[in-house]
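What follows is a short report on a single structure.
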Amino acid sequence: MSSTIEVKNLAKVFRVPEKSPGLRGALSSLFFRKFREIWAVKELSFSIQKGELVGFLGANGAGKTTTLKMLSGLLHPTSGQVQVLGFTPHQRRIQFLKQISLVMGQRSQLWWEIPAQETLKLNKEIFELGDSEYQETLSELVEVLELQECLDIPVKRLSLGQRMKAELCAALLHRPSLLLLDEPTLGLDVVMQKKMRQFIREYNQRYRATILLTSHNMDDVVALCDRVIIIERGQMLYDGELNRVVERYAPHKLMTVDFQSVVDTERVAALGKIVSNGGSRMVLEIPRKEVSSVASRLLSQFPVVDLTITETPLDDVVRRIFTRTLEK
Ligand SMILES: Nc1ncnc2c1ncn2[C@@H]1O[C@H](COP(=O)(O)OP(=O)(O)OP(=O)(O)O)[C@@H](O)[C@H]1O
Ligand SMILES: [Mg+2]
């Protein structure tokens, strides 16, 4: 069977007008418009199978939202191929739209001035849902998302968390088999974030829905995604198991050593880089391959009381990937 999402050498270039400063610049740009090209997405290839829940990560401006917009057909790719559920997204066929949903944390699909209920009714018509099907899905969503008191209040008066839940309700009314979530927990409090994560996981498992989600919140990613795709400046940086990100991008392990008494810092520093020094407790950064030899040297040369070896925390690694300060 073919993949739910199949992307090959996908690229999106935005042409933005370049303005020269001053009146003269403004005048000349009226006649000779100069453009600058922004390669938001560049030669991106990946595929996602039915039922997968994949994290789509990258620094600000890496090209995540642009990619999701191309996958949902809101944007036309500059080059490359995209197949989603067997369709070409930007053709926006109704059969395609009926099976997908794009939820963006920063942008609302609900009408601001009227209660969410009205938008839901409109969606019912757009997606040609039958009365009983609509009622059934709606009451289920209202219950799970605890939306009982929210649907008849104008959307602009809802709290951010309530609005996000109403947003999700509108996005799921037609039970899409592919869900593209762009920062679904943005601005939510910790309790709401947890509920949202639980809901996303359940939706994935219950309907074998395919979910691709972007987030800057590591808790979302760790809780939900076994697989992550990390992009940098529109290009693929990593595609694989979340667990292996650490292995691949953190060449060091951390060694916490408790000494019986204060030891000579310089002698310890000869064995590895000291990242924190609390006198009788030090944390060393040791290249993976040297961990066992350094440990045995420490034990034989110093009065060691305790020694623990840990991985660099995952969020540290991802933060380093995002801030592009990776060790080579
Ligand atoms: N409509 C547009 N016109 C011009 N440039 C754009 C447009 N949309 C996005 N870009 C540019 O494309 C690049 C990728 O933007 P995109 O929104 O996809 O990033 P992102 O990974 O979603 O970032 P964030 O984490 O901040 O949401 C950025 O440099 C952005 O400025
Ligand atoms: Mg974005």
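Here, A, B, ... name the chains of the structure tokens in the order displayed, residue numbers run from 1 inside each chain, and ligands are numbered from 1 in the same displayed order.
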Produce as number ranges by chain the set of residues near ligand 1, where near means within 6 Å with only C-alpha atoms and all ligand atoms considered.
-> A: 14, 16, 40, 58-66
Generate a file of the selected residues that holds N, CA and C atoms, formatted as an mmCIF file, in the first residue's frame.
data_model
loop_
_atom_site.group_PDB
_atom_site.id
_atom_site.type_symbol
_atom_site.label_atom_id
_atom_site.label_comp_id
_atom_site.auth_asym_id
_atom_site.auth_seq_id
_atom_site.Cartn_x
_atom_site.Cartn_y
_atom_site.Cartn_z
ATOM 1 N N PHE A 14 9.561 31.685 -1.832
ATOM 2 C CA PHE A 14 8.744 32.903 -1.792
ATOM 3 C C PHE A 14 9.545 34.020 -2.451
ATOM 4 N N VAL A 16 9.897 37.857 -2.439
ATOM 5 C CA VAL A 16 9.453 39.053 -1.723
ATOM 6 C C VAL A 16 10.090 40.292 -2.341
ATOM 7 N N ALA A 40 11.960 28.719 1.500
ATOM 8 C CA ALA A 40 11.385 28.282 2.781
ATOM 9 C C ALA A 40 11.518 26.775 2.947
ATOM 10 N N GLY A 58 11.899 21.920 14.201
ATOM 11 C CA GLY A 58 12.866 22.814 13.579
ATOM 12 C C GLY A 58 12.787 24.174 14.235
ATOM 13 N N ALA A 59 13.850 24.956 14.082
ATOM 14 C CA ALA A 59 13.890 26.285 14.688
ATOM 15 C C ALA A 59 12.849 27.192 14.044
ATOM 16 N N ASN A 60 12.628 28.358 14.594
ATOM 17 C CA ASN A 60 11.744 29.352 13.986
ATOM 18 C C ASN A 60 12.193 29.614 12.560
ATOM 19 N N GLY A 61 11.221 29.605 11.658
ATOM 20 C CA GLY A 61 11.543 29.906 10.262
ATOM 21 C C GLY A 61 12.156 28.748 9.493
ATOM 22 N N ALA A 62 12.153 27.555 10.084
ATOM 23 C CA ALA A 62 12.785 26.399 9.421
ATOM 24 C C ALA A 62 11.983 25.919 8.208
ATOM 25 N N GLY A 63 10.694 26.233 8.185
ATOM 26 C CA GLY A 63 9.878 25.822 7.044
ATOM 27 C C GLY A 63 8.765 24.833 7.394
ATOM 28 N N LYS A 64 8.463 24.689 8.680
ATOM 29 C CA LYS A 64 7.464 23.704 9.105
ATOM 30 C C LYS A 64 6.058 24.078 8.647
ATOM 31 N N THR A 65 5.652 25.297 8.969
ATOM 32 C CA THR A 65 4.293 25.707 8.599
ATOM 33 C C THR A 65 4.123 25.699 7.083
ATOM 34 N N THR A 66 5.145 26.157 6.384
ATOM 35 C CA THR A 66 5.091 26.157 4.918
ATOM 36 C C THR A 66 4.878 24.732 4.397
#
Could you make a table, as CSV, of the residues of range 112-223 of chain A that have an atom within 10 Å of an atom of range 70-87 of chain A, each with its nearest atom pair and distance in Å to one decimal, counting only C-alpha atoms, in chain and number order?
residue,atom,partner,partner_atom,distance
A:Ser177,CA,A:Leu85,CA,9.1
A:Leu178,CA,A:Leu85,CA,8.4
A:Leu179,CA,A:Ser72,CA,9.5
A:Leu180,CA,A:Ser72,CA,7.9
Restrict the selected residues to N, CA and C atoms and save them as an mmCIF file, in the first residue's frame.
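Output (part-v4.cif):
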data_model
loop_
_atom_site.group_PDB
_atom_site.id
_atom_site.type_symbol
_atom_site.label_atom_id
_atom_site.label_comp_id
_atom_site.auth_asym_id
_atom_site.auth_seq_id
_atom_site.Cartn_x
_atom_site.Cartn_y
_atom_site.Cartn_z
ATOM 1 N N SER A 177 -8.785 11.466 8.547
ATOM 2 C CA SER A 177 -7.844 10.382 8.818
ATOM 3 C C SER A 177 -6.422 10.903 8.822
ATOM 4 N N LEU A 178 -6.253 12.166 8.405
ATOM 5 C CA LEU A 178 -4.936 12.805 8.514
ATOM 6 C C LEU A 178 -5.095 14.153 9.205
ATOM 7 N N LEU A 179 -4.313 14.304 10.265
ATOM 8 C CA LEU A 179 -4.389 15.522 11.051
ATOM 9 C C LEU A 179 -3.034 16.218 11.026
ATOM 10 N N LEU A 180 -3.034 17.464 10.577
ATOM 11 C CA LEU A 180 -1.793 18.244 10.567
ATOM 12 C C LEU A 180 -1.937 19.303 11.653
#
List every residue of range 172-327 of chain A that DSSP, applied to the backbone of this structure, assigns to strand (DSSP E), and report them as a PyMOL selection string.
-> chain A and resi 178-182+210-214+227-232+235-241+252-259+273-277+281-287+304-311
Could you give me the residues within range 25-127 of chain A that DSSP places in helix (DSSP H, G or I), as a PyMOL selection string?
-> chain A and resi 25-31+64-72+89-91+94-97+116-126
Quick one: residues within 10 Å of range 227-238 of chain A, only C-alpha atoms counted, chain neighbours fewer than 2 positions away excluded, as number ranges by chain?
-> A: 9-12, 39-46, 52-64, 66-67, 212-214, 221-222, 224-225, 240-245, 248-249, 318, 321-322, 324
Residues from last step as file, N, CA and C atoms, as a compact mmCIF listing (two decimals), in the first residue's frame:
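again-v2.txt, written as the output of this step:
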# COMPACT_ATOMS: atom_id res chain seq x y z
N ASN A 9 11.61 15.72 -3.00
CA ASN A 9 12.30 16.94 -3.46
C ASN A 9 11.41 18.18 -3.43
N LEU A 10 10.63 18.27 -2.39
CA LEU A 10 9.68 19.37 -2.28
C LEU A 10 10.39 20.70 -2.01
N ALA A 11 9.96 21.73 -2.72
CA ALA A 11 10.55 23.05 -2.49
C ALA A 11 9.49 24.13 -2.57
N LYS A 12 9.68 25.17 -1.77
CA LYS A 12 8.82 26.34 -1.86
C LYS A 12 9.68 27.59 -1.79
N TRP A 39 14.02 30.64 0.12
CA TRP A 39 13.79 29.19 0.00
C TRP A 39 13.27 28.68 1.33
N ALA A 40 11.96 28.72 1.50
CA ALA A 40 11.38 28.28 2.78
C ALA A 40 11.52 26.78 2.95
N VAL A 41 11.36 26.05 1.86
CA VAL A 41 11.51 24.59 1.87
C VAL A 41 12.35 24.21 0.67
N LYS A 42 13.31 23.31 0.91
CA LYS A 42 14.29 23.03 -0.14
C LYS A 42 14.56 21.53 -0.22
N GLU A 43 14.21 20.92 -1.30
CA GLU A 43 14.55 19.50 -1.54
C GLU A 43 14.20 18.59 -0.36
N LEU A 44 12.99 18.69 0.10
CA LEU A 44 12.58 17.88 1.25
C LEU A 44 11.93 16.59 0.76
N SER A 45 12.39 15.46 1.30
CA SER A 45 11.79 14.17 0.94
C SER A 45 11.52 13.35 2.20
N PHE A 46 10.33 12.83 2.32
CA PHE A 46 10.02 11.90 3.42
C PHE A 46 8.70 11.22 3.12
N GLU A 52 0.76 6.66 11.71
CA GLU A 52 1.95 7.17 12.41
C GLU A 52 1.64 8.51 13.08
N LEU A 53 2.35 8.77 14.19
CA LEU A 53 2.25 10.06 14.87
C LEU A 53 3.67 10.63 14.90
N VAL A 54 3.91 11.58 14.03
CA VAL A 54 5.27 12.05 13.80
C VAL A 54 5.44 13.51 14.24
N GLY A 55 6.53 13.79 14.93
CA GLY A 55 6.84 15.16 15.33
C GLY A 55 7.64 15.83 14.23
N PHE A 56 7.28 17.06 13.93
CA PHE A 56 7.94 17.80 12.85
C PHE A 56 8.61 19.01 13.50
N LEU A 57 9.93 18.94 13.62
CA LEU A 57 10.62 19.93 14.44
C LEU A 57 11.59 20.78 13.65
N GLY A 58 11.90 21.92 14.20
CA GLY A 58 12.87 22.81 13.58
C GLY A 58 12.79 24.17 14.24
N ALA A 59 13.85 24.96 14.08
CA ALA A 59 13.89 26.28 14.69
C ALA A 59 12.85 27.19 14.04
N ASN A 60 12.63 28.36 14.59
CA ASN A 60 11.74 29.35 13.99
C ASN A 60 12.19 29.61 12.56
N GLY A 61 11.22 29.61 11.66
CA GLY A 61 11.54 29.91 10.26
C GLY A 61 12.16 28.75 9.49
N ALA A 62 12.15 27.56 10.08
CA ALA A 62 12.79 26.40 9.42
C ALA A 62 11.98 25.92 8.21
N GLY A 63 10.69 26.23 8.19
CA GLY A 63 9.88 25.82 7.04
C GLY A 63 8.77 24.83 7.39
N LYS A 64 8.46 24.69 8.68
CA LYS A 64 7.46 23.70 9.10
C LYS A 64 6.06 24.08 8.65
N THR A 66 5.14 26.16 6.38
CA THR A 66 5.09 26.16 4.92
C THR A 66 4.88 24.73 4.40
N THR A 67 5.59 23.77 4.98
CA THR A 67 5.43 22.38 4.55
C THR A 67 4.01 21.89 4.84
N LEU A 212 0.68 14.49 11.99
CA LEU A 212 1.98 15.14 11.87
C LEU A 212 1.86 16.43 12.68
N LEU A 213 2.72 16.58 13.69
CA LEU A 213 2.57 17.76 14.52
C LEU A 213 3.86 18.52 14.73
N THR A 214 3.74 19.85 14.70
CA THR A 214 4.92 20.66 15.00
C THR A 214 4.75 21.18 16.41
N VAL A 221 6.50 16.55 22.32
CA VAL A 221 7.21 15.64 21.43
C VAL A 221 7.54 14.33 22.16
N VAL A 222 8.06 14.47 23.37
CA VAL A 222 8.44 13.28 24.14
C VAL A 222 7.21 12.44 24.47
N LEU A 224 4.40 12.23 22.80
CA LEU A 224 3.59 11.74 21.70
C LEU A 224 4.34 11.03 20.57
N CYS A 225 5.56 11.45 20.31
CA CYS A 225 6.16 11.02 19.04
C CYS A 225 7.30 10.03 19.22
N GLY A 240 13.96 10.03 11.95
CA GLY A 240 14.14 8.74 12.60
C GLY A 240 13.56 8.73 14.00
N GLU A 241 13.98 7.71 14.77
CA GLU A 241 13.44 7.57 16.12
C GLU A 241 13.89 8.73 16.99
N LEU A 242 12.96 9.19 17.82
CA LEU A 242 13.28 10.27 18.75
C LEU A 242 14.43 9.84 19.67
N ASN A 243 14.37 8.59 20.11
CA ASN A 243 15.41 8.08 21.03
C ASN A 243 16.81 8.18 20.47
N ARG A 244 16.91 8.10 19.17
CA ARG A 244 18.24 8.08 18.59
C ARG A 244 18.81 9.46 18.30
N VAL A 245 17.95 10.48 18.50
CA VAL A 245 18.43 11.85 18.29
C VAL A 245 19.62 12.11 19.21
N ARG A 248 22.75 10.36 18.11
CA ARG A 248 23.34 10.92 16.91
C ARG A 248 23.91 12.32 17.11
N TYR A 249 23.20 13.13 17.89
CA TYR A 249 23.61 14.53 18.00
C TYR A 249 24.27 14.90 19.31
N VAL A 318 17.92 18.83 21.54
CA VAL A 318 17.06 19.45 20.53
C VAL A 318 17.25 20.96 20.56
N ILE A 321 20.17 21.67 18.62
CA ILE A 321 19.91 21.55 17.18
C ILE A 321 19.22 22.82 16.70
N PHE A 322 18.25 23.29 17.49
CA PHE A 322 17.51 24.47 17.11
C PHE A 322 18.39 25.71 17.08
N ARG A 324 21.43 25.76 16.54
CA ARG A 324 22.54 25.50 15.61
C ARG A 324 23.91 25.59 16.26
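Closest approach to Lys289 in chain A from the set A:Pro251, A:Gly105, A:Gly130, A:Pro115 is made by A:Pro251, with distances taken over only C-alpha atoms.
Distance check against Leu181 in chain A using only C-alpha atoms: of A:Val103, A:Phe31, A:Asp315, A:Leu145, the minimum falls on A:Val103.
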Excluding same-chain residues fewer than 3 positions from Leu147 in chain A, what lies within 8 Å of it counting only C-alpha atoms, as a ChimeraX atom specification?
-> /A:141-144,150-151,162,165-166
If you count only C-alpha atoms, which residues fall within 10 Å of Asp316 in chain A, apart from same-chain ones fewer than 4 positions away, as an MDAnalysis selection string?
-> chainID A and resid 218 246 250 312 320:322
